[in-house]
file coords09.tsv (TSV, C-alpha atoms)
chain	number	residue	atom	x	y	z
Y	9	MET	CA	-110.75	-49.01	31.52
Y	10	GLY	CA	-111.08	-49.29	27.80
Y	11	THR	CA	-112.82	-47.47	25.01
Y	12	ILE	CA	-116.35	-46.23	24.55
Y	13	ASN	CA	-117.54	-45.82	20.98
Y	14	LEU	CA	-120.18	-43.15	20.50
Y	15	THR	CA	-121.85	-43.43	17.16
Y	16	SER	CA	-124.02	-40.79	15.56
Y	17	GLY	CA	-127.34	-40.51	17.35
Y	18	ALA	CA	-126.04	-41.92	20.61
Y	19	GLN	CA	-123.76	-39.19	21.78
Y	20	THR	CA	-125.89	-37.16	24.18
Y	21	PHE	CA	-126.08	-37.90	27.89
Y	22	ALA	CA	-128.07	-36.32	30.66
Y	23	GLY	CA	-125.01	-36.51	32.85
Y	24	PHE	CA	-121.41	-37.71	32.70
Y	25	THR	CA	-119.35	-38.70	35.73
Y	26	MET	CA	-115.72	-39.72	35.55
Y	27	ASN	CA	-114.69	-41.67	38.63
Y	28	VAL	CA	-112.15	-44.30	37.67
Y	29	THR	CA	-109.35	-45.28	40.02
Y	30	GLY	CA	-106.49	-47.71	40.01
Y	31	THR	CA	-103.35	-47.77	37.92
Y	32	SER	CA	-103.46	-45.26	35.04
Y	33	PRO	CA	-107.16	-44.51	35.35
Y	34	ASN	CA	-108.57	-43.32	32.06
Y	35	VAL	CA	-111.18	-43.96	29.42
Y	36	ASN	CA	-111.00	-43.40	25.67
Y	37	ILE	CA	-113.99	-41.89	23.90
Y	38	ASN	CA	-114.45	-42.43	20.17
Y	39	GLY	CA	-116.91	-39.84	18.92
Y	40	ASN	CA	-118.25	-36.54	20.14
Y	41	LEU	CA	-119.89	-36.43	23.53
Y	42	THR	CA	-122.59	-34.05	24.73
Y	43	THR	CA	-123.68	-33.85	28.34
Y	44	GLY	CA	-125.86	-31.57	30.40
Y	45	ALA	CA	-124.19	-32.42	33.69
Y	46	LEU	CA	-120.57	-33.10	34.44
Y	47	THR	CA	-118.59	-34.47	37.37
Y	48	LEU	CA	-114.86	-35.06	37.24
Y	49	THR	CA	-113.78	-37.02	40.29
Y	50	SER	CA	-110.91	-39.23	39.23
Y	51	GLY	CA	-109.30	-40.30	35.97
Y	52	LEU	CA	-108.67	-38.93	32.50
Y	53	VAL	CA	-111.17	-38.78	29.68
Y	54	ASN	CA	-109.19	-39.16	26.45
Y	55	MET	CA	-111.16	-37.56	23.63
Y	56	GLY	CA	-108.51	-37.56	20.89
Y	57	ASN	CA	-109.66	-35.36	18.02
Y	58	ASN	CA	-113.27	-35.36	19.20
Y	59	ILE	CA	-115.36	-32.77	20.99
Y	60	ALA	CA	-116.81	-32.89	24.48
Y	61	ILE	CA	-119.75	-30.52	24.69
Y	62	TYR	CA	-121.04	-29.37	28.05
Y	63	THR	CA	-124.39	-27.63	28.01
Y	64	GLY	CA	-124.94	-27.09	31.72
Y	65	ALA	CA	-124.41	-24.33	34.21
Y	66	ALA	CA	-121.22	-22.79	35.44
Y	67	THR	CA	-120.48	-24.85	38.52
Y	68	PRO	CA	-118.51	-27.73	36.94
Y	69	MET	CA	-116.43	-25.18	35.07
Y	70	LEU	CA	-114.98	-24.01	38.34
Y	71	ALA	CA	-113.19	-27.15	39.45
Y	72	SER	CA	-110.97	-29.80	37.91
Y	73	SER	CA	-107.62	-31.31	38.79
Y	74	ALA	CA	-104.44	-32.72	37.38
Y	75	THR	CA	-105.83	-36.21	37.97
Y	76	SER	CA	-109.19	-35.74	36.29
Y	77	TYR	CA	-109.67	-33.78	33.10
Y	78	PHE	CA	-110.38	-34.13	29.38
Y	79	SER	CA	-107.40	-34.68	27.08
Y	80	PHE	CA	-107.37	-33.71	23.42
Y	81	ILE	CA	-105.18	-33.65	20.36
Y	82	GLY	CA	-106.20	-32.50	16.89
Y	83	THR	CA	-107.46	-29.42	15.13
Y	84	ASN	CA	-111.09	-30.46	15.61
Y	85	SER	CA	-110.68	-31.30	19.25
Y	86	GLY	CA	-111.78	-29.49	22.34
Y	87	PHE	CA	-113.96	-29.09	25.37
Y	88	GLN	CA	-116.84	-26.90	24.30
Y	89	TRP	CA	-118.93	-25.16	26.89
Y	90	ASN	CA	-122.14	-23.86	25.41
Y	91	MET	CA	-122.24	-20.90	27.75
Y	92	PRO	CA	-125.87	-20.20	28.59
Y	93	ALA	CA	-127.56	-17.06	27.43
Y	94	SER	CA	-126.93	-14.18	29.82
Y	95	GLN	CA	-124.29	-16.21	31.68
Y	96	ALA	CA	-122.97	-13.89	34.36
Y	97	ALA	CA	-119.47	-12.53	34.24
Y	98	GLY	CA	-117.07	-14.74	36.11
Y	99	THR	CA	-113.97	-16.90	36.06
Y	100	TYR	CA	-114.37	-20.25	34.35
Y	101	LYS	CA	-111.92	-23.07	33.95
Y	102	TRP	CA	-111.89	-25.43	30.99
Y	103	PRO	CA	-110.72	-28.82	32.39
Y	104	VAL	CA	-108.39	-29.73	29.55
Y	105	GLY	CA	-104.90	-30.89	28.63
Y	106	PRO	CA	-102.99	-31.98	25.50
Y	107	ALA	CA	-102.42	-35.63	24.64
Y	108	GLY	CA	-99.67	-35.28	22.06
Y	109	THR	CA	-95.93	-34.90	22.37
Y	110	VAL	CA	-96.67	-33.25	25.68
Y	111	THR	CA	-99.32	-34.64	27.97
Y	112	GLY	CA	-100.79	-33.35	31.19
Y	113	PHE	CA	-103.23	-30.96	32.75
Y	114	ARG	CA	-103.19	-27.59	30.97
Y	115	PRO	CA	-106.38	-25.85	32.03
Y	116	VAL	CA	-107.42	-22.64	30.39
Y	117	ILE	CA	-109.21	-20.10	32.53
Y	118	LEU	CA	-111.22	-17.26	31.09
Y	119	THR	CA	-112.46	-14.34	33.07
Y	120	THR	CA	-115.28	-12.52	31.38
Y	121	THR	CA	-115.95	-8.86	31.91
Y	122	GLY	CA	-119.68	-8.91	31.39
Y	123	ALA	CA	-122.67	-11.15	31.02
Y	124	ASN	CA	-123.19	-13.09	27.84
Y	125	PRO	CA	-125.65	-11.80	25.30
Y	126	ALA	CA	-129.12	-13.32	25.26
Y	127	THR	CA	-127.89	-16.20	23.17
Y	128	ILE	CA	-125.79	-19.30	23.83
Y	129	VAL	CA	-122.09	-18.67	23.23
Y	130	PRO	CA	-120.14	-21.87	22.51
Y	131	VAL	CA	-116.48	-21.59	23.51
Y	132	LYS	CA	-114.20	-24.52	22.76
Y	133	ILE	CA	-110.66	-25.13	23.98
Y	134	GLY	CA	-108.59	-27.81	22.28
Y	135	PHE	CA	-105.00	-28.62	21.42
Y	136	VAL	CA	-102.84	-29.42	18.43
Y	137	ASN	CA	-99.27	-30.60	18.44
Y	138	GLU	CA	-96.50	-28.33	17.34
Y	139	TRP	CA	-94.90	-30.90	15.19
Y	140	ASP	CA	-91.88	-30.04	13.09
Y	141	GLY	CA	-88.22	-29.64	13.82
Y	142	ALA	CA	-85.84	-31.57	15.97
Y	143	TYR	CA	-85.49	-29.55	19.15
Y	144	ASN	CA	-87.71	-32.02	20.92
Y	145	ASP	CA	-86.68	-32.12	24.53
Y	146	LEU	CA	-85.76	-28.47	24.66
Y	147	PHE	CA	-89.30	-27.34	24.15
Y	148	ARG	CA	-91.43	-29.50	26.36
Y	149	LEU	CA	-93.92	-27.54	28.37
B	14	MET	CA	-97.86	-36.87	15.09
B	15	SER	CA	-96.52	-35.89	11.74
B	16	GLY	CA	-97.85	-34.16	8.70
B	17	MET	CA	-97.06	-33.72	5.08
B	18	GLU	CA	-95.15	-30.51	4.82
B	19	LEU	CA	-93.50	-29.11	1.76
B	20	THR	CA	-91.70	-26.38	3.65
B	21	MET	CA	-91.72	-25.26	7.25
B	22	THR	CA	-94.02	-22.31	7.57
B	23	TYR	CA	-95.73	-20.49	10.36
B	24	SER	CA	-99.44	-21.04	10.52
B	25	ALA	CA	-102.31	-21.24	12.95
B	26	SER	CA	-101.32	-24.83	13.66
B	27	ASN	CA	-97.57	-24.73	13.32
B	28	ILE	CA	-94.53	-22.93	14.69
B	29	PRO	CA	-91.31	-24.28	13.17
B	30	GLU	CA	-88.90	-25.58	15.75
B	31	THR	CA	-86.00	-23.60	14.45
B	32	SER	CA	-83.75	-21.25	16.35
B	33	PRO	CA	-84.52	-18.84	17.93
B	34	ASN	CA	-88.07	-20.10	18.40
B	35	ASN	CA	-88.54	-21.33	21.93
B	36	MET	CA	-92.04	-22.35	22.82
B	37	ALA	CA	-94.39	-25.03	24.00
B	38	LYS	CA	-94.88	-28.10	21.85
B	39	TYR	CA	-98.59	-27.70	21.76
B	40	ILE	CA	-100.93	-25.02	20.52
B	41	THR	CA	-104.10	-24.23	22.37
B	42	ASN	CA	-107.05	-23.46	20.15
B	43	MET	CA	-109.81	-21.31	21.55
B	44	THR	CA	-112.85	-21.43	19.30
B	45	ILE	CA	-115.71	-19.00	19.78
B	46	ALA	CA	-118.88	-19.80	17.88
B	47	GLY	CA	-121.12	-17.04	19.14
B	48	ALA	CA	-121.03	-13.29	19.37
B	49	GLY	CA	-120.64	-11.04	22.37
B	50	PHE	CA	-118.00	-12.99	24.28
B	51	THR	CA	-115.87	-10.69	26.43
B	52	PRO	CA	-112.88	-12.41	28.03
B	53	ILE	CA	-110.36	-10.30	29.82
B	54	ARG	CA	-107.93	-12.71	31.48
B	55	LEU	CA	-106.55	-15.79	29.87
B	56	PRO	CA	-104.11	-17.99	31.77
B	57	LEU	CA	-102.14	-20.84	30.31
B	58	GLN	CA	-100.49	-23.32	32.57
B	59	TRP	CA	-97.52	-25.58	32.26
B	60	ASN	CA	-96.59	-28.53	34.42
B	61	THR	CA	-92.92	-28.91	33.89
B	62	ARG	CA	-91.44	-32.36	34.11
B	63	MET	CA	-87.97	-31.64	32.82
B	64	VAL	CA	-85.72	-29.03	31.30
B	65	ILE	CA	-87.88	-26.69	29.30
B	66	PHE	CA	-86.01	-23.67	28.05
B	67	THR	CA	-82.40	-23.80	27.10
B	68	ALA	CA	-79.60	-21.27	27.33
B	69	ALA	CA	-81.81	-18.79	29.02
B	70	ILE	CA	-82.47	-17.35	32.41
B	71	LEU	CA	-86.18	-17.04	32.05
B	72	SER	CA	-87.69	-13.76	33.04
B	73	LEU	CA	-91.18	-12.66	33.77
B	74	ASP	CA	-90.18	-9.10	33.11
B	75	ASN	CA	-91.34	-8.33	29.61
B	76	SER	CA	-88.53	-5.86	29.09
B	77	GLN	CA	-86.06	-8.74	29.17
B	78	THR	CA	-84.97	-10.98	26.35
B	79	TYR	CA	-86.19	-14.27	27.70
B	80	TYR	CA	-89.70	-13.46	28.69
B	81	LEU	CA	-92.26	-16.20	29.05
B	82	ASN	CA	-95.41	-15.00	27.42
B	83	ILE	CA	-98.58	-16.02	25.67
B	84	TYR	CA	-98.52	-15.74	21.91
B	85	TYR	CA	-101.58	-15.75	19.74
B	86	TYR	CA	-101.96	-16.21	16.02
B	87	ASN	CA	-103.32	-12.92	14.85
B	88	GLN	CA	-105.07	-13.30	11.52
B	89	PRO	CA	-106.84	-10.05	10.68
B	90	SER	CA	-109.06	-9.65	7.66
B	91	GLY	CA	-106.31	-7.68	6.00
B	92	GLY	CA	-102.64	-7.03	6.54
B	93	THR	CA	-100.36	-9.53	8.17
B	94	ALA	CA	-101.06	-12.86	9.83
B	95	GLN	CA	-98.52	-13.51	12.52
B	96	TRP	CA	-97.82	-15.20	15.82
B	97	THR	CA	-97.92	-12.19	18.08
B	98	ASN	CA	-96.46	-11.63	21.52
B	99	THR	CA	-99.06	-10.32	23.90
B	100	THR	CA	-96.46	-8.10	25.53
B	101	GLY	CA	-97.45	-4.52	25.32
B	102	LEU	CA	-101.12	-5.19	25.00
B	103	ASN	CA	-101.79	-5.53	28.65
B	104	THR	CA	-100.42	-5.86	32.12
B	105	PRO	CA	-99.14	-9.36	32.78
B	106	ILE	CA	-100.11	-11.20	35.90
B	107	VAL	CA	-98.17	-14.29	36.87
B	108	SER	CA	-99.22	-16.60	39.62
B	109	ASN	CA	-96.95	-19.22	41.16
B	110	PRO	CA	-93.90	-17.63	39.52
B	111	PRO	CA	-91.27	-20.06	38.32
B	112	PRO	CA	-87.75	-19.93	39.70
B	113	PRO	CA	-85.46	-17.56	37.82
B	114	ASN	CA	-83.53	-20.42	36.32
B	115	LEU	CA	-85.80	-22.99	34.73
B	116	TRP	CA	-83.16	-25.58	34.27
B	117	SER	CA	-84.67	-26.91	37.43
B	118	ARG	CA	-88.03	-28.49	37.93
B	119	CYS	CA	-91.11	-26.50	38.58
B	120	SER	CA	-94.74	-27.32	38.24
B	121	ASN	CA	-98.22	-25.93	38.10
B	122	THR	CA	-96.97	-22.55	37.05
B	123	THR	CA	-99.51	-20.36	35.41
B	124	VAL	CA	-98.99	-17.42	33.12
B	125	VAL	CA	-101.88	-15.02	33.12
B	126	LYS	CA	-102.45	-12.25	30.67
B	127	THR	CA	-105.07	-9.64	31.12
B	128	THR	CA	-106.85	-8.91	27.87
B	129	ALA	CA	-104.58	-11.45	26.28
B	130	ILE	CA	-106.06	-11.26	22.83
B	131	GLY	CA	-107.85	-7.97	22.94
B	132	SER	CA	-109.70	-5.84	25.40
B	133	GLY	CA	-113.11	-5.88	23.77
B	134	THR	CA	-115.68	-8.36	22.59
B	135	LEU	CA	-114.27	-11.23	20.57
B	136	GLY	CA	-115.96	-12.23	17.38
B	137	ALA	CA	-116.56	-15.77	16.27
B	138	GLY	CA	-113.38	-17.47	15.18
B	139	ILE	CA	-110.45	-19.63	16.13
B	140	TYR	CA	-107.80	-18.09	18.35
B	141	PRO	CA	-104.62	-20.21	18.47
B	142	LEU	CA	-102.48	-19.64	21.56
B	143	ASN	CA	-99.02	-20.74	22.58
B	144	LEU	CA	-96.72	-20.32	25.54
B	145	GLY	CA	-93.24	-19.31	24.58
B	146	VAL	CA	-90.16	-17.23	25.09
B	147	ARG	CA	-89.28	-16.46	21.51
B	148	ASN	CA	-91.20	-16.66	18.29
B	149	ALA	CA	-89.56	-15.41	15.12
B	150	ASP	CA	-92.63	-15.43	12.89
B	151	GLY	CA	-92.06	-12.63	10.42
B	152	GLY	CA	-95.68	-12.73	9.36
B	153	SER	CA	-97.31	-13.37	6.04
B	154	GLY	CA	-99.90	-11.55	4.07
B	155	VAL	CA	-103.37	-12.57	5.12
B	156	SER	CA	-104.50	-12.75	1.56
B	157	SER	CA	-101.84	-15.35	0.77
B	158	THR	CA	-102.84	-18.00	3.32
B	159	TRP	CA	-106.09	-19.93	3.44
B	160	ILE	CA	-107.05	-22.65	5.88
B	161	TRP	CA	-109.61	-25.33	5.00
B	162	THR	CA	-112.21	-25.51	7.77
B	163	GLY	CA	-115.00	-27.33	5.95
B	164	GLY	CA	-117.34	-24.87	7.59
B	165	ALA	CA	-119.94	-25.21	4.87
B	166	GLY	CA	-120.02	-28.95	5.32
B	167	THR	CA	-119.30	-29.59	1.68
B	168	THR	CA	-116.28	-30.72	-0.29
B	169	THR	CA	-116.54	-27.83	-2.71
B	170	TRP	CA	-113.27	-26.00	-3.11
B	171	ALA	CA	-114.94	-22.85	-4.38
B	172	THR	CA	-117.31	-22.40	-1.45
B	173	SER	CA	-116.17	-19.36	0.49
B	174	THR	CA	-117.30	-20.55	3.92
B	175	ASN	CA	-115.20	-23.69	3.68
B	176	TRP	CA	-112.14	-21.49	4.19
B	177	SER	CA	-110.64	-19.17	6.76
B	178	PRO	CA	-110.43	-16.41	5.77
B	179	ALA	CA	-113.30	-16.69	3.34
B	180	GLY	CA	-112.14	-18.33	0.13
B	181	PRO	CA	-111.55	-19.85	-2.20
B	182	PRO	CA	-107.78	-19.32	-2.18
B	183	SER	CA	-106.34	-17.18	-4.91
B	184	SER	CA	-104.31	-18.98	-7.51
B	185	THR	CA	-100.92	-17.29	-7.35
B	186	SER	CA	-97.34	-18.33	-6.76
B	187	SER	CA	-97.51	-16.80	-3.26
B	188	THR	CA	-100.65	-18.64	-2.16
B	189	ASN	CA	-100.32	-20.81	0.94
B	190	ILE	CA	-102.96	-23.43	1.64
B	191	ILE	CA	-103.46	-25.44	4.80
B	192	ILE	CA	-105.84	-28.38	4.78
B	193	ASN	CA	-107.13	-29.22	8.24
B	194	PRO	CA	-109.14	-32.30	9.16
B	195	ALA	CA	-112.87	-31.74	8.94
B	196	THR	CA	-116.00	-33.73	8.37
B	197	ALA	CA	-116.01	-32.54	4.78
B	198	GLN	CA	-112.67	-32.56	3.00
B	199	PRO	CA	-111.88	-30.59	-0.16
B	200	THR	CA	-111.89	-31.73	-3.74
B	201	MET	CA	-109.76	-29.70	-6.12
B	202	ILE	CA	-111.06	-29.72	-9.67
B	203	ALA	CA	-109.63	-26.53	-11.15
B	204	ASN	CA	-106.19	-25.08	-11.77
B	205	GLN	CA	-104.57	-24.01	-8.53
B	206	LEU	CA	-101.21	-22.34	-8.18
B	207	VAL	CA	-99.73	-22.77	-4.73
B	208	ASN	CA	-96.55	-21.82	-2.94
B	209	ASN	CA	-96.86	-23.93	0.21
B	210	LEU	CA	-99.39	-26.69	0.63
B	211	ILE	CA	-99.74	-28.27	4.06
B	212	ILE	CA	-102.03	-31.24	4.60
B	213	ASN	CA	-102.28	-31.61	8.33
B	214	PRO	CA	-102.51	-35.01	10.02
B	215	GLY	CA	-105.87	-36.61	9.42
B	216	ALA	CA	-106.75	-34.28	6.57
B	217	ILE	CA	-107.48	-35.44	3.03
B	218	LEU	CA	-107.12	-33.53	-0.21
B	219	THR	CA	-108.71	-35.05	-3.29
B	220	ILE	CA	-107.42	-33.87	-6.66
B	221	GLN	CA	-110.02	-34.79	-9.21
B	222	VAL	CA	-108.90	-35.92	-12.63
B	223	PRO	CA	-110.02	-33.35	-15.17
B	224	PRO	CA	-111.93	-34.36	-18.28
B	225	PRO	CA	-109.67	-35.11	-21.25
B	226	ASP	CA	-110.84	-32.10	-23.19
B	227	ASN	CA	-110.16	-29.72	-20.35
B	228	LYS	CA	-106.85	-30.70	-18.85
B	229	ARG	CA	-105.86	-28.91	-15.73
B	230	ASN	CA	-102.56	-28.72	-13.98
B	231	PHE	CA	-101.60	-28.70	-10.37
B	232	HIS	CA	-98.71	-26.38	-9.81
B	233	GLU	CA	-96.41	-26.61	-6.88
B	234	GLN	CA	-93.65	-24.11	-6.40

call {"tool": "encode", "arguments": {"input": "coords09.tsv", "output": "structure tokens"}}
result
Amino acid sequence: MGTINLTSGAQTFAGFTMNVTGTSPNVNINGNLTTGALTLTSGLVNMGNNIAIYTGAATPMLASSATSYFSFIGTNSGFQWNMPASQAAGTYKWPVGPAGTVTGFRPVILTTTGANPATIVPVKIGFVNEWDGAYNDLFRL
Amino acid sequence: MSGMELTMTYSASNIPETSPNNMAKYITNMTIAGAGFTPIRLPLQWNTRMVIFTAAILSLDNSQTYYLNIYYYNQPSGGTAQWTNTTGLNTPIVSNPPPPNLWSRCSNTTVVKTTAIGSGTLGAGIYPLNLGVRNADGGSGVSSTWIWTGGAGTTTWATSTNWSPAGPPSSTSSTNIIINPATAQPTMIANQLVNNLIINPGAILTIQVPPPDNKRNFHEQ
């Protein structure tokens, strides 16, 4: 699959489902993406230095896999979950991975000790390359 | 990816690949935009495809030399900014432990730190994280390093909220400035002394020509 360009004013979706199969299943997104529902079934969503914003409930934050996640690279990048007000304490997984020198599924899981305050708390996880030096293959993780 | 770098320095977006540093080639940025967030456990995962750490028998015992750990870039409002080993702050939990000698393949290993970057509520900010065995960051004075965030949404150099920590940067021979990509990129119109200037990939710094009757100089040391 190719590239989807999201221009300003056309970046918000009621739901987003990734279910692409075949050889090297992935889609490139140019622009920030906001969705209220999220399903990751198969394939990579390559966001580059953009932001994927998820505004829904906790359930999709509990499951992802090495074959279906959001990839990022860049200081602006990341998967941002706008955690709902009073979101209960729990364990939540950001379905992310870097797309730089190292690629692959690198989820970040946060376990919160208490409920959120009565306001939305946006938490974004993204990646930047570590990029100088010459020790290349000795440092791949 | 490459960037314009005058010298190799430690920063929120860079760990020089010089001995004895031994770490992942990516930095995970956790950005919190609200208040009252209270994480306690923070795992980072690696999926190893090949040799990862050299000349080391990797240990998960934090009393050993080669201890795989989560580092975070601690940038307090005062004092020293530094990549900081989370050892000592909490009790480590490691799931799917790697084999003792990581010259071999392993995959889906997860390092978990309880209270990885503090045991209380985290304030709004960016928390860079990295997996590594060694990180020789000696630290730098917080007041000497400023990072362009464009948080105010303007190009104005002097606007405090365009910088982290709040700016504008001081103009001294020890000042370090990092320009990160942002929707609004900075325009420098006044004298600015700088020690290290890093313009990260995708970032733009505009140096405006001063009026003839008020010549200004850009100093690089």

call {"tool": "atom_distance", "arguments": {"input": "coords09.tsv", "atom1": "CA of Ser177 in chain B", "atom2": "CA of Gly82 in chain Y"}}
result
17.3 Å

call {"tool": "residues_near_point", "arguments": {"input": "coords09.tsv", "point": "(-119.5, -19.5, 33.4)", "cutoff": "7 Å", "atoms": "all atoms listed in the file", "output": "mmCIF file with C-alpha atoms, in the frame of the given file"}}
result
data_model
loop_
_atom_site.group_PDB
_atom_site.id
_atom_site.type_symbol
_atom_site.label_atom_id
_atom_site.label_comp_id
_atom_site.auth_asym_id
_atom_site.auth_seq_id
_atom_site.Cartn_x
_atom_site.Cartn_y
_atom_site.Cartn_z
ATOM 1 C CA ALA Y 65 -124.410 -24.330 34.210
ATOM 2 C CA ALA Y 66 -121.220 -22.790 35.440
ATOM 3 C CA MET Y 69 -116.430 -25.180 35.070
ATOM 4 C CA MET Y 91 -122.240 -20.900 27.750
ATOM 5 C CA GLN Y 95 -124.290 -16.210 31.680
ATOM 6 C CA ALA Y 96 -122.970 -13.890 34.360
ATOM 7 C CA GLY Y 98 -117.070 -14.740 36.110
ATOM 8 C CA THR Y 99 -113.970 -16.900 36.060
ATOM 9 C CA TYR Y 100 -114.370 -20.250 34.350
#

call {"tool": "residues_around", "arguments": {"input": "coords09.tsv", "residues": "Gly180 in chain B", "least_positions_apart": "5", "cutoff": "8 Å", "atoms": "only C-alpha atoms", "output": "PyMOL selection string"}}
result
chain B and resi 159+171-175

call {"tool": "atom_distance", "arguments": {"input": "coords09.tsv", "atom1": "CA of Ala123 in chain Y", "atom2": "CA of Asn90 in chain Y"}}
result
13.9 Å

call {"tool": "closest_residue", "arguments": {"input": "coords09.tsv", "among": "Y:Gly56, Y:Gly86, Y:Gly10, Y:Pro92", "to": "chain B", "atoms": "all atoms listed in the file"}}
result
Y:Gly86

call {"tool": "closest_residue", "arguments": {"input": "coords09.tsv", "among": "B:Asn42, B:Thr200, B:Asn35, B:Thr97", "to": "Pro181 in chain B", "atoms": "only C-alpha atoms"}}
result
B:Thr200

call {"tool": "atom_distance", "arguments": {"input": "coords09.tsv", "atom1": "CA of Thr31 in chain B", "atom2": "CA of Thr185 in chain B"}}
result
27.2 Å

call {"tool": "closest_residue", "arguments": {"input": "coords09.tsv", "among": "B:Val155, B:Ile192, B:Leu218, B:Ala94", "to": "chain Y", "atoms": "all atoms listed in the file"}}
result
B:Ile192

call {"tool": "build_atoms", "arguments": {"input": "coords09.tsv", "residues": "range 206-221 of chain B", "atoms": "N, CA and C atoms", "output": "mmCIF file, keeping the file's coordinate frame"}}
result
data_model
loop_
_atom_site.group_PDB
_atom_site.id
_atom_site.type_symbol
_atom_site.label_atom_id
_atom_site.label_comp_id
_atom_site.auth_asym_id
_atom_site.auth_seq_id
_atom_site.Cartn_x
_atom_site.Cartn_y
_atom_site.Cartn_z
ATOM 1 N N LEU B 206 -102.604 -22.615 -8.478
ATOM 2 C CA LEU B 206 -101.210 -22.340 -8.180
ATOM 3 C C LEU B 206 -101.056 -22.277 -6.660
ATOM 4 N N VAL B 207 -99.939 -22.796 -6.160
ATOM 5 C CA VAL B 207 -99.730 -22.770 -4.730
ATOM 6 C C VAL B 207 -98.244 -22.680 -4.423
ATOM 7 N N ASN B 208 -97.932 -21.921 -3.404
ATOM 8 C CA ASN B 208 -96.550 -21.820 -2.940
ATOM 9 C C ASN B 208 -96.267 -22.923 -1.934
ATOM 10 N N ASN B 209 -96.983 -22.890 -0.804
ATOM 11 C CA ASN B 209 -96.860 -23.930 0.210
ATOM 12 C C ASN B 209 -98.212 -24.612 0.394
ATOM 13 N N LEU B 210 -98.191 -25.909 0.374
ATOM 14 C CA LEU B 210 -99.390 -26.690 0.630
ATOM 15 C C LEU B 210 -99.127 -27.598 1.821
ATOM 16 N N ILE B 211 -99.896 -27.426 2.879
ATOM 17 C CA ILE B 211 -99.740 -28.270 4.060
ATOM 18 C C ILE B 211 -101.030 -29.060 4.260
ATOM 19 N N ILE B 212 -100.894 -30.371 4.286
ATOM 20 C CA ILE B 212 -102.030 -31.240 4.600
ATOM 21 C C ILE B 212 -101.787 -31.779 5.996
ATOM 22 N N ASN B 213 -102.517 -31.263 6.943
ATOM 23 C CA ASN B 213 -102.280 -31.610 8.330
ATOM 24 C C ASN B 213 -102.709 -33.045 8.621
ATOM 25 N N PRO B 214 -102.173 -33.618 9.682
ATOM 26 C CA PRO B 214 -102.510 -35.010 10.020
ATOM 27 C C PRO B 214 -104.011 -35.236 10.096
ATOM 28 N N GLY B 215 -104.450 -36.279 9.420
ATOM 29 C CA GLY B 215 -105.870 -36.610 9.420
ATOM 30 C C GLY B 215 -106.661 -35.945 8.328
ATOM 31 N N ALA B 216 -106.043 -34.987 7.632
ATOM 32 C CA ALA B 216 -106.750 -34.280 6.570
ATOM 33 C C ALA B 216 -106.566 -35.004 5.240
ATOM 34 N N ILE B 217 -107.514 -34.788 4.340
ATOM 35 C CA ILE B 217 -107.480 -35.440 3.030
ATOM 36 C C ILE B 217 -107.738 -34.396 1.958
ATOM 37 N N LEU B 218 -106.891 -34.372 0.960
ATOM 38 C CA LEU B 218 -107.120 -33.530 -0.210
ATOM 39 C C LEU B 218 -107.320 -34.443 -1.414
ATOM 40 N N THR B 219 -108.444 -34.284 -2.088
ATOM 41 C CA THR B 219 -108.710 -35.050 -3.290
ATOM 42 C C THR B 219 -108.501 -34.161 -4.501
ATOM 43 N N ILE B 220 -107.652 -34.606 -5.413
ATOM 44 C CA ILE B 220 -107.420 -33.870 -6.660
ATOM 45 C C ILE B 220 -108.119 -34.654 -7.754
ATOM 46 N N GLN B 221 -109.178 -34.075 -8.258
ATOM 47 C CA GLN B 221 -110.020 -34.790 -9.210
ATOM 48 C C GLN B 221 -109.417 -34.730 -10.596
#
